[in-house]
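Data first, discussion second: the structure below is written as C-alpha cells.
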Amino acid sequence: MISVVIIGSGNVAKHLIKAFLKIDNINLKQVYTRNLKDEALLKNSVSTTNDLSLIKQADVTIIAVNDDAISHISSKIKNSLVVHTSGSVEMNALKNPNNKGVFYLLQSFSKEKEINFSTIPICLEAEDNKDLLKLEKLASLLKGDIYYLSSLQRKKIHVAAVFVNNFTNHMYAIAHKICEDHNVPFNILQPLIIETSQKIANLTPKKAQTGPAIRNDEETIKNHLNLLTESQQELYLKITQSIQNHGKEL
C-alpha cells in the first residue's frame, strides 16, 4: 500500500483522484483544494482540506496545480517526498524542505473526456533512488509506460507535445471554422484526421508528409490563399515555408 496526498483539483488532479480511488493498493489520504465547489463534491469520497498547514503525511505528495503556483505551494509543504506534475517546470522549482521529484503524465486532460491511464506515458524524476522506487511503484499501479527523464529532457518533450497536441488542435479549430463558414460538416475531415495520426505509427512524419507544400505545387497554394482570411493566409504561408524548409534540412 502506498499513501498519497494530492494538492489541487484541476483537470490532472481530478483524473488522478478518480483513478487512485479505484486502486486498492493506493491510499488516497487527502486532497487539498481552494475551490469550495470541488471540496463539496470530493468530501464524500476522500478527506479534503483548504488549509496547507493541515496537509496529512503521505509517502508521496503530488502537486497538480498551475505551473506558476508550484514554487509557492511547495514551500508550504513539509512532507517527505513532494512531486509536481508539470512538463515544463524543473524539479528544483519545488521549494519544499525535503525530497523532491516529478510525476509527469504526458497526455492532454479534459474534464469531459475519460482517461485510460494504461495508455499514458508517465515520466519520472527524483533526487535519489529510494524516492524513484516510490514513484515507480505508484506509476506501475496506473499501468502506464514509465520513462525516466531529466528536467531538461522533460522540457524538450513538453515543447514537442505542444506541437503535436495544442498546435495541431488549433489547426483543427481553423479547419472547423472554414467548414462552418461554408456549410460543410466538419465530420467530413474525420477519416483524414484518423488516417494521418495512424500513419505515423509506421512511418516517420517526414515520410508521411503529403500536400502541395512538399510537392511545391505553387498553383494550388495560390488557389488556397485566395480562399482564406488574412490571418489564415499568414499562417498558411508560414507553415508551407516551414514544411518546405524542413524537407530541405532533412
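Residues are named by chain letter and number: chains run A, B, ... in the order of the C-alpha cells, numbers start at 1 in each chain, and ligands are numbered from 1 in the order shown.
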Got a sec: who's within 6 Å of Thr33 (chain A), counting only C-alpha atoms, leaving out chain neighbours fewer than 4 positions off, as a PDB file with C-alpha atoms, in the first residue's frame?
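Result file follows (selection_13.pdb):
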ATOM      1  CA  GLY A   8      -5.086  20.683  -6.432  1.00  0.00           C
ATOM      2  CA  SER A   9      -8.434  19.929  -8.068  1.00  0.00           C
ATOM      3  CA  ASN A  50      -8.341  24.036   2.061  1.00  0.00           C
TER       4      ASN A  50
END
Those of region 19-194 of chain A in DSSP alpha helix (DSSP H), formatted as a PyMOL selection string: chain A and resi 19-21+36-42+70-74+129-142+151-161+168-181+190-194
Within 8 Å of Lys95 (chain A), counting only C-alpha atoms, which residues show up once you throw out same-chain ones fewer than 5 positions away? Write them as a short mmCIF file (atom, residue, chain, number, x, y, z; two decimals) with N, CA and C atoms, in the first residue's frame, please.
data_model
loop_
_atom_site.label_atom_id
_atom_site.label_comp_id
_atom_site.auth_asym_id
_atom_site.auth_seq_id
_atom_site.Cartn_x
_atom_site.Cartn_y
_atom_site.Cartn_z
N SER A 71 6.07 26.61 -7.04
CA SER A 71 7.11 27.01 -6.08
C SER A 71 6.49 27.48 -4.77
N HIS A 72 5.50 28.35 -4.87
CA HIS A 72 4.89 28.91 -3.66
C HIS A 72 4.21 27.83 -2.82
N SER A 74 4.63 24.55 -2.88
CA SER A 74 5.56 23.53 -2.36
C SER A 74 6.32 24.03 -1.15
N SER A 75 6.56 25.33 -1.08
CA SER A 75 7.30 25.90 0.06
C SER A 75 6.53 25.76 1.37
#
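Considering the residues A:Val83, A:Val12, A:Leu192, A:Ala208 and counting only C-alpha atoms, Asn98 (chain A) has its shortest atom-to-atom contact with A:Val83.
For region 91-131 of chain A, backbone-based DSSP assignment of strand (DSSP E or B) covers Asn99, Lys100, Gly101, Val102, Phe103, Tyr104, Leu105, Ile122, Cys123, Leu124, Glu125 and Ala126 of chain A.
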If you take only C-alpha atoms and a cut-off of 12 Å, which residues of region 85-129 of chain A touch region 166-184 of chain A, and what are their nearest atom pairs and distances in Å to one decimal, in chain and number order, as a tab-separated table?
residue	atom	partner	partner_atom	distance
A:Gln107	CA	A:Asn166	CA	11.0
A:Ser108	CA	A:Asn166	CA	8.8
A:Phe109	CA	A:Asn166	CA	11.7
Separation of CA of Lys143 (chain A) from CA of Gln57 (chain A), in Å and rounded to one decimal: 24.9 Å
Identify, on the basis of only C-alpha atoms, every residue whose closest approach to Ala19 (chain A) does not exceed 10 Å; exclude the query and any residue fewer than 3 positions from it along the same chain; express the result as a VMD selection string. chain A and resid 13 to 16 22 to 23 26 115 to 117 141 to 142
Which neighbours of region 147-155 of chain A fall inside 12 Å, counting only C-alpha atoms, when residues of the same chain fewer than 4 positions from it are skipped, and could you give them as a ChimeraX atom specification? /A:84-93,101-106,120-127,129,132-133,135-136,139-140,159-162
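Closest approach to Val4 (chain A) from the set A:Glu114, A:Asp59, A:Asp145, A:Glu234 is made by A:Asp59, with distances taken over only C-alpha atoms.
The space separating CA of Thr210 (chain A) from CA of Thr119 (chain A) comes to 28.3 Å.
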